[in-house]
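query_13.cif follows; it contains mmCIF, C-alpha atoms, pLDDT in the B column; chains and numbers go by the auth columns.
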```cif
data_work
loop_
_atom_site.group_PDB
_atom_site.id
_atom_site.type_symbol
_atom_site.label_atom_id
_atom_site.label_comp_id
_atom_site.label_asym_id
_atom_site.label_seq_id
_atom_site.Cartn_x
_atom_site.Cartn_y
_atom_site.Cartn_z
_atom_site.B_iso_or_equiv
_atom_site.auth_seq_id
_atom_site.auth_asym_id
ATOM 1 C CA MET A 1 104.980 -6.631 62.979 76.00 1 A
ATOM 2 C CA ALA A 2 103.395 -8.437 65.893 89.00 2 A
ATOM 3 C CA SER A 3 101.128 -11.351 65.124 94.00 3 A
ATOM 4 C CA GLU A 4 97.365 -11.074 65.501 96.00 4 A
ATOM 5 C CA ILE A 5 96.256 -13.952 67.710 97.00 5 A
ATOM 6 C CA SER A 6 92.672 -14.466 68.793 97.00 6 A
ATOM 7 C CA PRO A 7 92.188 -14.784 72.562 97.00 7 A
ATOM 8 C CA LYS A 8 89.886 -17.696 71.745 98.00 8 A
ATOM 9 C CA ALA A 9 92.751 -19.689 70.241 98.00 9 A
ATOM 10 C CA GLU A 10 94.413 -22.262 72.499 98.00 10 A
ATOM 11 C CA ILE A 11 98.145 -21.879 71.974 98.00 11 A
ATOM 12 C CA SER A 12 100.895 -23.291 74.177 98.00 12 A
ATOM 13 C CA PRO A 13 103.206 -20.609 75.544 97.00 13 A
ATOM 14 C CA LYS A 14 106.075 -22.885 74.457 98.00 14 A
ATOM 15 C CA ALA A 15 105.091 -22.705 70.779 98.00 15 A
ATOM 16 C CA LYS A 16 107.117 -20.353 68.575 98.00 16 A
ATOM 17 C CA ILE A 17 105.045 -18.041 66.389 98.00 17 A
ATOM 18 C CA GLY A 18 106.688 -15.747 63.826 97.00 18 A
ATOM 19 C CA ASN A 19 105.897 -12.156 62.901 97.00 19 A
ATOM 20 C CA ASN A 20 102.782 -10.849 61.184 97.00 20 A
ATOM 21 C CA CYS A 21 100.811 -14.075 61.531 98.00 21 A
ATOM 22 C CA LYS A 22 97.035 -14.123 61.896 98.00 22 A
ATOM 23 C CA ILE A 23 95.603 -16.895 64.060 98.00 23 A
ATOM 24 C CA PHE A 24 91.820 -17.169 64.209 98.00 24 A
ATOM 25 C CA PRO A 25 89.570 -18.382 67.064 98.00 25 A
ATOM 26 C CA PHE A 26 89.521 -22.035 68.087 98.00 26 A
ATOM 27 C CA VAL A 27 92.948 -22.829 66.682 98.00 27 A
ATOM 28 C CA TYR A 28 94.800 -25.411 68.795 98.00 28 A
ATOM 29 C CA ILE A 29 98.622 -25.337 68.866 98.00 29 A
ATOM 30 C CA GLU A 30 100.748 -27.664 71.050 98.00 30 A
ATOM 31 C CA ASP A 31 104.131 -27.106 72.747 98.00 31 A
ATOM 32 C CA ASP A 32 106.675 -28.283 70.188 98.00 32 A
ATOM 33 C CA VAL A 33 105.504 -26.179 67.245 98.00 33 A
ATOM 34 C CA GLU A 34 107.377 -23.590 65.194 98.00 34 A
ATOM 35 C CA ILE A 35 105.540 -21.316 62.754 98.00 35 A
ATOM 36 C CA GLY A 36 107.307 -18.780 60.532 98.00 36 A
ATOM 37 C CA ASP A 37 106.260 -15.286 59.471 98.00 37 A
ATOM 38 C CA ASP A 38 103.161 -14.108 57.592 98.00 38 A
ATOM 39 C CA CYS A 39 101.120 -17.272 58.115 98.00 39 A
ATOM 40 C CA ILE A 40 97.335 -17.383 58.318 98.00 40 A
ATOM 41 C CA ILE A 41 95.806 -20.105 60.491 98.00 41 A
ATOM 42 C CA MET A 42 92.028 -20.343 60.081 98.00 42 A
ATOM 43 C CA PRO A 43 89.531 -21.505 62.768 98.00 43 A
ATOM 44 C CA PHE A 44 89.543 -25.091 64.080 98.00 44 A
ATOM 45 C CA VAL A 45 93.020 -25.916 62.788 98.00 45 A
ATOM 46 C CA SER A 46 95.074 -28.246 64.994 98.00 46 A
ATOM 47 C CA ILE A 47 98.872 -27.937 64.834 98.00 47 A
ATOM 48 C CA LEU A 48 100.455 -30.639 66.954 98.00 48 A
ATOM 49 C CA ASP A 49 103.875 -31.391 68.422 98.00 49 A
ATOM 50 C CA GLY A 50 106.592 -31.727 65.805 98.00 50 A
ATOM 51 C CA ALA A 51 105.180 -29.225 63.306 98.00 51 A
ATOM 52 C CA ARG A 52 107.761 -26.995 61.624 98.00 52 A
ATOM 53 C CA ILE A 53 106.007 -24.517 59.348 98.00 53 A
ATOM 54 C CA GLY A 54 107.765 -21.929 57.193 98.00 54 A
ATOM 55 C CA ASN A 55 106.657 -18.510 55.977 98.00 55 A
ATOM 56 C CA ASN A 56 103.524 -17.267 54.209 98.00 56 A
ATOM 57 C CA ASN A 57 101.470 -20.436 54.535 98.00 57 A
ATOM 58 C CA LYS A 58 97.681 -20.383 54.698 98.00 58 A
ATOM 59 C CA ILE A 59 96.005 -23.236 56.557 98.00 59 A
ATOM 60 C CA HIS A 60 92.237 -23.498 56.307 98.00 60 A
ATOM 61 C CA GLN A 61 89.530 -24.728 58.665 98.00 61 A
ATOM 62 C CA GLY A 62 89.729 -28.186 60.140 98.00 62 A
ATOM 63 C CA ALA A 63 93.234 -29.081 58.961 98.00 63 A
ATOM 64 C CA VAL A 64 95.399 -31.228 61.236 98.00 64 A
ATOM 65 C CA ILE A 65 99.161 -30.770 60.958 98.00 65 A
ATOM 66 C CA ALA A 66 101.594 -33.274 62.541 98.00 66 A
ATOM 67 C CA ALA A 67 98.960 -35.838 63.470 98.00 67 A
ATOM 68 C CA LEU A 68 100.380 -39.037 64.939 98.00 68 A
ATOM 69 C CA PRO A 69 101.518 -41.439 62.192 97.00 69 A
ATOM 70 C CA GLN A 70 99.060 -44.151 61.239 96.00 70 A
ATOM 71 C CA ASP A 71 101.784 -46.765 61.340 96.00 71 A
ATOM 72 C CA PHE A 72 101.952 -49.794 63.644 95.00 72 A
ATOM 73 C CA ASN A 73 105.721 -49.247 63.910 96.00 73 A
ATOM 74 C CA TYR A 74 105.225 -45.951 65.737 96.00 74 A
ATOM 75 C CA ARG A 75 106.385 -46.155 69.363 95.00 75 A
ATOM 76 C CA GLY A 76 105.959 -42.562 70.449 95.00 76 A
ATOM 77 C CA GLU A 77 109.318 -41.263 69.229 95.00 77 A
ATOM 78 C CA LYS A 78 109.814 -37.555 68.592 97.00 78 A
ATOM 79 C CA SER A 79 109.295 -36.883 64.911 98.00 79 A
ATOM 80 C CA TYR A 80 108.265 -34.033 62.659 98.00 80 A
ATOM 81 C CA VAL A 81 106.277 -32.504 59.827 98.00 81 A
ATOM 82 C CA THR A 82 108.355 -29.951 57.929 98.00 82 A
ATOM 83 C CA ILE A 83 106.435 -27.527 55.722 98.00 83 A
ATOM 84 C CA GLY A 84 108.198 -24.956 53.537 98.00 84 A
ATOM 85 C CA ASN A 85 106.931 -21.594 52.322 98.00 85 A
ATOM 86 C CA ASN A 86 103.952 -20.279 50.369 98.00 86 A
ATOM 87 C CA ASN A 87 101.751 -23.348 50.667 99.00 87 A
ATOM 88 C CA VAL A 88 97.952 -23.365 50.691 98.00 88 A
ATOM 89 C CA ILE A 89 96.439 -26.120 52.824 98.00 89 A
ATOM 90 C CA ARG A 90 92.677 -26.268 52.435 98.00 90 A
ATOM 91 C CA GLU A 91 89.908 -27.567 54.671 98.00 91 A
ATOM 92 C CA ASN A 92 90.236 -30.883 56.518 98.00 92 A
ATOM 93 C CA VAL A 93 93.691 -31.730 55.190 98.00 93 A
ATOM 94 C CA VAL A 94 95.584 -34.173 57.424 98.00 94 A
ATOM 95 C CA ILE A 95 99.381 -34.426 57.415 98.00 95 A
ATOM 96 C CA ASN A 96 100.958 -37.120 59.600 98.00 96 A
ATOM 97 C CA ARG A 97 104.397 -36.721 61.086 98.00 97 A
ATOM 98 C CA GLY A 98 107.281 -39.200 60.695 98.00 98 A
ATOM 99 C CA THR A 99 107.223 -42.660 62.260 98.00 99 A
ATOM 100 C CA TYR A 100 110.731 -43.054 63.637 97.00 100 A
ATOM 101 C CA ARG A 101 112.876 -40.858 65.857 97.00 101 A
ATOM 102 C CA ASP A 102 113.816 -37.609 64.067 97.00 102 A
ATOM 103 C CA GLY A 103 111.969 -38.736 60.943 97.00 103 A
ATOM 104 C CA SER A 104 109.921 -36.170 59.057 98.00 104 A
ATOM 105 C CA THR A 105 107.108 -35.824 56.589 98.00 105 A
ATOM 106 C CA VAL A 106 108.204 -33.030 54.247 98.00 106 A
ATOM 107 C CA ILE A 107 106.107 -30.601 52.215 98.00 107 A
ATOM 108 C CA GLY A 108 108.159 -28.244 50.033 98.00 108 A
ATOM 109 C CA ASN A 109 107.190 -24.798 48.719 98.00 109 A
ATOM 110 C CA HIS A 110 104.290 -23.421 46.660 98.00 110 A
ATOM 111 C CA ASN A 111 102.097 -26.499 47.001 98.00 111 A
ATOM 112 C CA TYR A 112 98.296 -26.508 46.940 98.00 112 A
ATOM 113 C CA LEU A 113 96.515 -29.175 48.961 98.00 113 A
ATOM 114 C CA LEU A 114 92.773 -29.141 48.305 98.00 114 A
ATOM 115 C CA GLU A 115 90.028 -30.211 50.702 98.00 115 A
ATOM 116 C CA GLY A 116 90.386 -33.588 52.365 98.00 116 A
ATOM 117 C CA THR A 117 93.913 -34.392 51.146 98.00 117 A
ATOM 118 C CA HIS A 118 95.776 -36.838 53.385 98.00 118 A
ATOM 119 C CA ILE A 119 99.590 -36.952 53.368 98.00 119 A
ATOM 120 C CA SER A 120 100.817 -39.910 55.415 98.00 120 A
ATOM 121 C CA HIS A 121 103.949 -40.424 57.498 98.00 121 A
ATOM 122 C CA ASP A 122 107.459 -39.958 56.085 98.00 122 A
ATOM 123 C CA THR A 123 106.283 -38.863 52.652 98.00 123 A
ATOM 124 C CA VAL A 124 108.355 -36.218 50.855 98.00 124 A
ATOM 125 C CA VAL A 125 106.626 -33.707 48.562 98.00 125 A
ATOM 126 C CA GLY A 126 108.562 -31.341 46.279 98.00 126 A
ATOM 127 C CA THR A 127 107.485 -27.901 45.066 98.00 127 A
ATOM 128 C CA ASN A 128 104.599 -26.584 42.947 98.00 128 A
ATOM 129 C CA CYS A 129 102.450 -29.686 43.394 98.00 129 A
ATOM 130 C CA VAL A 130 98.642 -29.772 43.386 98.00 130 A
ATOM 131 C CA PHE A 131 96.580 -32.327 45.299 98.00 131 A
ATOM 132 C CA GLY A 132 92.909 -32.500 44.326 98.00 132 A
ATOM 133 C CA ASN A 133 89.994 -33.051 46.669 98.00 133 A
ATOM 134 C CA GLY A 134 90.249 -36.243 48.682 98.00 134 A
ATOM 135 C CA VAL A 135 93.669 -37.346 47.417 98.00 135 A
ATOM 136 C CA GLU A 136 95.233 -40.060 49.597 98.00 136 A
ATOM 137 C CA ILE A 137 99.029 -40.368 49.789 98.00 137 A
ATOM 138 C CA ALA A 138 100.250 -43.354 51.803 98.00 138 A
ATOM 139 C CA GLY A 139 103.402 -43.527 53.890 98.00 139 A
ATOM 140 C CA ASP A 140 107.002 -43.365 52.680 98.00 140 A
ATOM 141 C CA CYS A 141 106.124 -41.956 49.263 98.00 141 A
ATOM 142 C CA VAL A 142 108.221 -39.541 47.213 98.00 142 A
ATOM 143 C CA ILE A 143 106.560 -36.897 45.048 98.00 143 A
ATOM 144 C CA GLY A 144 108.629 -34.756 42.703 98.00 144 A
ATOM 145 C CA ASN A 145 108.165 -31.163 41.567 98.00 145 A
ATOM 146 C CA GLY A 146 105.150 -29.935 39.621 98.00 146 A
ATOM 147 C CA VAL A 147 103.120 -33.119 40.147 98.00 147 A
ATOM 148 C CA ILE A 148 99.320 -32.922 39.834 98.00 148 A
ATOM 149 C CA PHE A 149 96.971 -35.377 41.545 98.00 149 A
ATOM 150 C CA SER A 150 93.395 -35.101 40.342 98.00 150 A
ATOM 151 C CA THR A 151 90.408 -35.684 42.632 98.00 151 A
ATOM 152 C CA GLY A 152 90.369 -38.932 44.555 98.00 152 A
ATOM 153 C CA ALA A 153 93.705 -40.300 43.342 98.00 153 A
ATOM 154 C CA ILE A 154 95.456 -42.776 45.655 98.00 154 A
ATOM 155 C CA GLN A 155 99.209 -43.313 45.875 98.00 155 A
ATOM 156 C CA ASN A 156 100.096 -46.494 47.741 98.00 156 A
ATOM 157 C CA ALA A 157 103.027 -46.852 50.132 98.00 157 A
ATOM 158 C CA ASN A 158 106.698 -46.691 49.125 98.00 158 A
ATOM 159 C CA THR A 159 106.019 -45.445 45.604 98.00 159 A
ATOM 160 C CA ARG A 160 107.191 -42.383 43.666 98.00 160 A
ATOM 161 C CA ALA A 161 105.571 -39.868 41.363 98.00 161 A
ATOM 162 C CA GLY A 162 108.116 -38.201 39.090 98.00 162 A
ATOM 163 C CA ASP A 163 108.429 -34.516 38.219 98.00 163 A
ATOM 164 C CA MET A 164 105.553 -32.947 36.244 98.00 164 A
ATOM 165 C CA SER A 165 103.537 -36.142 36.152 98.00 165 A
ATOM 166 C CA LEU A 166 99.739 -36.013 36.119 98.00 166 A
ATOM 167 C CA ILE A 167 97.740 -38.601 38.030 98.00 167 A
ATOM 168 C CA GLN A 168 94.190 -38.590 36.734 97.00 168 A
ATOM 169 C CA ALA A 169 91.066 -38.636 38.895 97.00 169 A
ATOM 170 C CA GLY A 170 90.133 -41.719 40.857 95.00 170 A
ATOM 171 C CA CYS A 171 93.090 -43.922 39.962 95.00 171 A
ATOM 172 C CA ALA A 172 95.263 -45.817 42.432 96.00 172 A
ATOM 173 C CA PHE A 173 98.826 -46.958 41.892 97.00 173 A
ATOM 174 C CA SER A 174 101.319 -49.252 43.600 97.00 174 A
ATOM 175 C CA HIS A 175 104.245 -48.766 41.197 97.00 175 A
ATOM 176 C CA ASP A 176 106.321 -45.717 40.323 98.00 176 A
ATOM 177 C CA VAL A 177 104.943 -43.129 37.896 98.00 177 A
ATOM 178 C CA PRO A 178 107.844 -41.678 35.851 98.00 178 A
ATOM 179 C CA PRO A 179 108.433 -37.969 35.229 98.00 179 A
ATOM 180 C CA TYR A 180 106.442 -36.001 32.627 98.00 180 A
ATOM 181 C CA VAL A 181 103.751 -38.637 31.997 98.00 181 A
ATOM 182 C CA ILE A 182 99.969 -38.703 32.208 98.00 182 A
ATOM 183 C CA ALA A 183 98.730 -41.732 34.118 97.00 183 A
ATOM 184 C CA GLY A 184 95.164 -42.805 34.723 95.00 184 A
ATOM 185 C CA GLY A 185 92.620 -45.593 34.852 93.00 185 A
ATOM 186 C CA ASN A 186 92.240 -48.704 36.978 90.00 186 A
ATOM 187 C CA PRO A 187 94.418 -50.545 36.262 91.00 187 A
ATOM 188 C CA MET A 188 96.679 -47.596 35.535 94.00 188 A
ATOM 189 C CA GLU A 189 97.641 -46.911 31.926 94.00 189 A
ATOM 190 C CA TYR A 190 100.138 -44.624 30.226 96.00 190 A
ATOM 191 C CA GLY A 191 98.282 -41.714 28.636 96.00 191 A
ATOM 192 C CA GLY A 192 101.109 -39.888 26.878 97.00 192 A
ATOM 193 C CA VAL A 193 103.426 -37.120 27.999 98.00 193 A
ATOM 194 C CA ASN A 194 102.204 -34.146 30.007 97.00 194 A
ATOM 195 C CA THR A 195 102.730 -31.495 27.330 97.00 195 A
ATOM 196 C CA LYS A 196 100.509 -28.872 28.954 95.00 196 A
ATOM 197 C CA ILE A 197 102.516 -28.745 32.163 96.00 197 A
ATOM 198 C CA MET A 198 105.809 -28.940 30.278 97.00 198 A
ATOM 199 C CA ASP A 199 104.694 -25.995 28.137 97.00 199 A
ATOM 200 C CA PHE A 200 103.856 -24.082 31.304 95.00 200 A
ATOM 201 C CA ALA A 201 107.276 -24.948 32.737 95.00 201 A
ATOM 202 C CA GLY A 202 109.046 -23.800 29.567 96.00 202 A
ATOM 203 C CA VAL A 203 110.282 -27.193 28.389 97.00 203 A
ATOM 204 C CA ASP A 204 111.317 -26.853 24.731 97.00 204 A
ATOM 205 C CA LYS A 205 109.079 -28.603 22.186 97.00 205 A
ATOM 206 C CA LYS A 206 112.029 -30.508 20.758 98.00 206 A
ATOM 207 C CA VAL A 207 112.863 -31.804 24.232 98.00 207 A
ATOM 208 C CA GLN A 208 109.242 -32.844 24.681 98.00 208 A
ATOM 209 C CA LYS A 209 109.549 -34.963 21.523 98.00 209 A
ATOM 210 C CA HIS A 210 112.675 -36.590 22.940 98.00 210 A
ATOM 211 C CA ILE A 211 110.764 -37.376 26.152 98.00 211 A
ATOM 212 C CA ALA A 212 107.913 -38.882 24.119 98.00 212 A
ATOM 213 C CA ASN A 213 110.426 -41.054 22.224 98.00 213 A
ATOM 214 C CA ALA A 214 111.920 -42.278 25.492 98.00 214 A
ATOM 215 C CA TYR A 215 108.498 -43.322 26.722 98.00 215 A
ATOM 216 C CA ARG A 216 107.649 -44.931 23.399 97.00 216 A
ATOM 217 C CA LEU A 217 110.596 -47.229 24.038 97.00 217 A
ATOM 218 C CA LEU A 218 109.485 -47.848 27.622 97.00 218 A
ATOM 219 C CA PHE A 219 105.751 -48.378 27.255 95.00 219 A
ATOM 220 C CA HIS A 220 105.398 -49.707 23.713 94.00 220 A
ATOM 221 C CA GLY A 221 108.469 -51.907 23.625 89.00 221 A
ATOM 222 C CA LYS A 222 108.560 -55.478 24.882 87.00 222 A
ATOM 223 C CA THR A 223 111.939 -55.367 26.621 92.00 223 A
ATOM 224 C CA SER A 224 112.913 -55.035 30.264 94.00 224 A
ATOM 225 C CA VAL A 225 113.370 -51.695 31.967 95.00 225 A
ATOM 226 C CA PHE A 226 117.106 -52.390 32.092 95.00 226 A
ATOM 227 C CA ASP A 227 117.223 -52.788 28.306 96.00 227 A
ATOM 228 C CA VAL A 228 115.010 -49.726 27.809 97.00 228 A
ATOM 229 C CA ILE A 229 117.473 -47.600 29.767 97.00 229 A
ATOM 230 C CA ASN A 230 120.242 -48.639 27.372 97.00 230 A
ATOM 231 C CA GLN A 231 117.979 -47.979 24.371 97.00 231 A
ATOM 232 C CA ILE A 232 117.202 -44.487 25.648 98.00 232 A
ATOM 233 C CA LYS A 233 120.900 -43.786 26.101 97.00 233 A
ATOM 234 C CA ASP A 234 121.619 -44.986 22.562 97.00 234 A
ATOM 235 C CA GLN A 235 118.618 -43.589 20.670 97.00 235 A
ATOM 236 C CA VAL A 236 117.404 -40.434 22.452 97.00 236 A
ATOM 237 C CA PRO A 237 119.394 -37.166 22.446 97.00 237 A
ATOM 238 C CA ASP A 238 120.749 -36.431 25.903 97.00 238 A
ATOM 239 C CA GLY A 239 119.664 -33.583 28.154 97.00 239 A
ATOM 240 C CA PRO A 240 118.627 -32.863 31.752 98.00 240 A
ATOM 241 C CA GLU A 241 115.097 -34.204 31.291 98.00 241 A
ATOM 242 C CA ILE A 242 116.332 -37.432 29.695 98.00 242 A
ATOM 243 C CA GLN A 243 118.865 -37.856 32.489 98.00 243 A
ATOM 244 C CA ASN A 244 116.034 -37.346 34.961 98.00 244 A
ATOM 245 C CA ILE A 245 114.053 -40.144 33.302 98.00 245 A
ATOM 246 C CA ILE A 246 117.033 -42.498 33.266 98.00 246 A
ATOM 247 C CA ALA A 247 117.840 -41.852 36.923 98.00 247 A
ATOM 248 C CA PHE A 248 114.195 -42.387 37.879 98.00 248 A
ATOM 249 C CA LEU A 249 114.052 -45.725 36.074 98.00 249 A
ATOM 250 C CA GLN A 250 117.370 -46.856 37.542 97.00 250 A
ATOM 251 C CA ASN A 251 116.312 -46.048 41.099 97.00 251 A
ATOM 252 C CA SER A 252 112.904 -47.703 41.036 97.00 252 A
ATOM 253 C CA LYS A 253 112.386 -50.213 43.853 95.00 253 A
ATOM 254 C CA ARG A 254 108.688 -50.945 43.363 95.00 254 A
ATOM 255 C CA GLY A 255 108.814 -51.177 39.581 96.00 255 A
ATOM 256 C CA ILE A 256 107.436 -48.865 36.903 97.00 256 A
ATOM 257 C CA MET A 257 103.731 -48.524 36.109 95.00 257 A
ATOM 258 C CA CYS A 258 102.491 -50.660 33.212 89.00 258 A
ATOM 259 C CA LYS A 259 105.718 -52.719 33.103 82.00 259 A
#
```
Could you render the structure as structure tokens?
Amino acid sequence: MASEISPKAEISPKAKIGNNCKIFPFVYIEDDVEIGDDCIIMPFVSILDGARIGNNNKIHQGAVIAALPQDFNYRGEKSYVTIGNNNVIRENVVINRGTYRDGSTVIGNHNYLLEGTHISHDTVVGTNCVFGNGVEIAGDCVIGNGVIFSTGAIQNANTRAGDMSLIQAGCAFSHDVPPYVIAGGNPMEYGGVNTKIMDFAGVDKKVQKHIANAYRLLFHGKTSVFDVINQIKDQVPDGPEIQNIIAFLQNSKRGIMCK
């Protein structure tokens, strides 16, 4: 089906628009933009050069996609924002494109970005994540799958949030938040494992206990992260979730929260 495009929208003839899209008045779309099928673009959205948007996305009023990176290293190189499928991007969300040539800020599938969320340059977001109102994600961050950021949370540059973690409202962090944990407060504290989301995802209760034991060793022990990794390997029954935790700890460059 042909797309329904308002004559009051300003769209470059060089932009590529898929089938069955609906583009409302006062939308602004630049030359180097590709939008997939079945997307809805609400009024006053700006989609700038370098945007690559998949199928069945809904972008609400005032959002800016592929804004120039807020990075002093940016020299005008061609870079991108890559957005997957089935995302909801609410009002006044800003997503910056990558800083360096051919770099990209990546948003996966089935994510929900509430009003005022800001995703900075070169950040990579997985699938099924939720960003509350006014969440600020700095540049070069990595966010796993099923992560929830409550209202006003701030993730500082070059940090990671592991799969199914929950970042509580108003907290800021400069170290990695491991998978499956609840983190909150200023300074940030470990608040237990995220059983509600793991239940929703179908993680077995026995596995959840193993995850809790792994984090008991990490957050309540007095040894280094290196020693904790060996303790987890020795004391906690193995499985995909435990391997995920071990790999996350091993690959941390900024250090782990609360350690």
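Minimum atom-to-atom distances from A:Asn251, A:Ser104, A:Thr195, A:Gln70 to A:Thr123 were compared using all atoms listed in the file, and the lowest value belongs to A:Ser104.
In this structure, atom CA of A:Tyr190 sits 7.1 Å away from atom CA of A:Cys258.
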To test your reading of the syntax: which residues would the PyMOL selection byres ((chain A and resi 84) around 8) return for the file shown? Reply as a PDB file with C-alpha atoms, in the frame of the given file.
```pdb
ATOM      1  CA  ILE A  53     106.007 -24.517  59.348  1.00 98.00           C
ATOM      2  CA  GLY A  54     107.765 -21.929  57.193  1.00 98.00           C
ATOM      3  CA  ASN A  55     106.657 -18.510  55.977  1.00 98.00           C
ATOM      4  CA  THR A  82     108.355 -29.951  57.929  1.00 98.00           C
ATOM      5  CA  ILE A  83     106.435 -27.527  55.722  1.00 98.00           C
ATOM      6  CA  ASN A  85     106.931 -21.594  52.322  1.00 98.00           C
ATOM      7  CA  ASN A  86     103.952 -20.279  50.369  1.00 98.00           C
ATOM      8  CA  ASN A  87     101.751 -23.348  50.667  1.00 99.00           C
ATOM      9  CA  ILE A 107     106.107 -30.601  52.215  1.00 98.00           C
ATOM     10  CA  GLY A 108     108.159 -28.244  50.033  1.00 98.00           C
ATOM     11  CA  ASN A 109     107.190 -24.798  48.719  1.00 98.00           C
TER      12      ASN A 109
END
```
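Picked out by the PyMOL selection byres ((chain A and resi 80) around 9) when it runs on this file: Asp49, Gly50, Ala51, Arg52, Ala66, Lys78, Ser79, Val81, Thr82, Asn96, Arg97, Gly98, Thr99, Arg101, Asp102, Gly103, Ser104, Thr105, Val106 and Asp122 of chain A.
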Can you tell me, as an mmCIF file with C-alpha atoms, keeping the file's coordinate frame, what residues are no more than 8 Å from A:Val225 when counting only C-alpha atoms, ignoring any on the same chain fewer than 3 positions away?
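Once written, result-v9.cif looks like this:
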```
data_model
loop_
_atom_site.group_PDB
_atom_site.id
_atom_site.type_symbol
_atom_site.label_atom_id
_atom_site.label_comp_id
_atom_site.auth_asym_id
_atom_site.auth_seq_id
_atom_site.Cartn_x
_atom_site.Cartn_y
_atom_site.Cartn_z
ATOM 1 C CA LEU A 218 109.485 -47.848 27.622
ATOM 2 C CA VAL A 228 115.010 -49.726 27.809
ATOM 3 C CA ILE A 229 117.473 -47.600 29.767
ATOM 4 C CA LEU A 249 114.052 -45.725 36.074
ATOM 5 C CA LYS A 259 105.718 -52.719 33.103
#
```
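Here atom CA of A:Ser46 stands at a distance of 9.6 Å from atom CA of A:Val94.
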Open item on the list: Suppose a student applies the PyMOL selection byres ((chain A and resi 149-156) around 8) to this structure; what residues should they get, written as a ChimeraX atom specification?
Closed with: /A:130-139,141,147-148,157-159,166-174
Export of prior selection with C-alpha atoms as a CSV table (one decimal), keeping the file's coordinate frame:
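out-v9.csv was written with the following content:
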```csv
chain,number,residue,atom,x,y,z
A,130,VAL,CA,98.6,-29.8,43.4
A,131,PHE,CA,96.6,-32.3,45.3
A,132,GLY,CA,92.9,-32.5,44.3
A,133,ASN,CA,90.0,-33.1,46.7
A,134,GLY,CA,90.2,-36.2,48.7
A,135,VAL,CA,93.7,-37.3,47.4
A,136,GLU,CA,95.2,-40.1,49.6
A,137,ILE,CA,99.0,-40.4,49.8
A,138,ALA,CA,100.2,-43.4,51.8
A,139,GLY,CA,103.4,-43.5,53.9
A,141,CYS,CA,106.1,-42.0,49.3
A,147,VAL,CA,103.1,-33.1,40.1
A,148,ILE,CA,99.3,-32.9,39.8
A,157,ALA,CA,103.0,-46.9,50.1
A,158,ASN,CA,106.7,-46.7,49.1
A,159,THR,CA,106.0,-45.4,45.6
A,166,LEU,CA,99.7,-36.0,36.1
A,167,ILE,CA,97.7,-38.6,38.0
A,168,GLN,CA,94.2,-38.6,36.7
A,169,ALA,CA,91.1,-38.6,38.9
A,170,GLY,CA,90.1,-41.7,40.9
A,171,CYS,CA,93.1,-43.9,40.0
A,172,ALA,CA,95.3,-45.8,42.4
A,173,PHE,CA,98.8,-47.0,41.9
A,174,SER,CA,101.3,-49.3,43.6
```
I'd like the box whose edges run along x, y and z of the file and which contains every listed atom of stretch 101-107 of chain A, padded by 5 Å per side; could you state its centre and edge lengths in Å, one decimal, as lines of an AutoDock Vina configuration file?
```
center_x = 110.0
center_y = -35.7
center_z = 59.0
size_x = 17.7
size_y = 20.3
size_z = 23.6
```
- [ ] Using all atoms listed in the file, collect all residues at a distance of at most 9 Å from (107.6, -21.1, 65.6) as written in the file, then present them as a ChimeraX atom specification.
- [x] /A:15-18,32-37,51-54
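The space separating atom CA of A:Gly126 from atom CA of A:Ala214 comes to 23.7 Å.
Of the listed residues (A:Ile197, A:Ile182, A:Val177, A:Met188), A:Val177 comes nearest to A:Ile256; the distances count all atoms listed in the file.
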Task: Selection: 8 Å around A:Gln208, all atoms listed in the file, excl. self and same-chain fewer than 3 positions, as a count of residues only - done: 8
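Of the residues listed (A:Tyr180, A:Phe44, A:Tyr112, A:Phe226), A:Tyr112 shows the shortest atom-to-atom separation from A:Val125; distances use all atoms listed in the file.
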Open item on the list: Please determine, counting all atoms listed in the file, which residue among A:Lys206, A:Lys196, A:Lys222, A:Lys22 has the shortest atom-to-atom distance to A:Ala9.
Closed with: A:Lys22
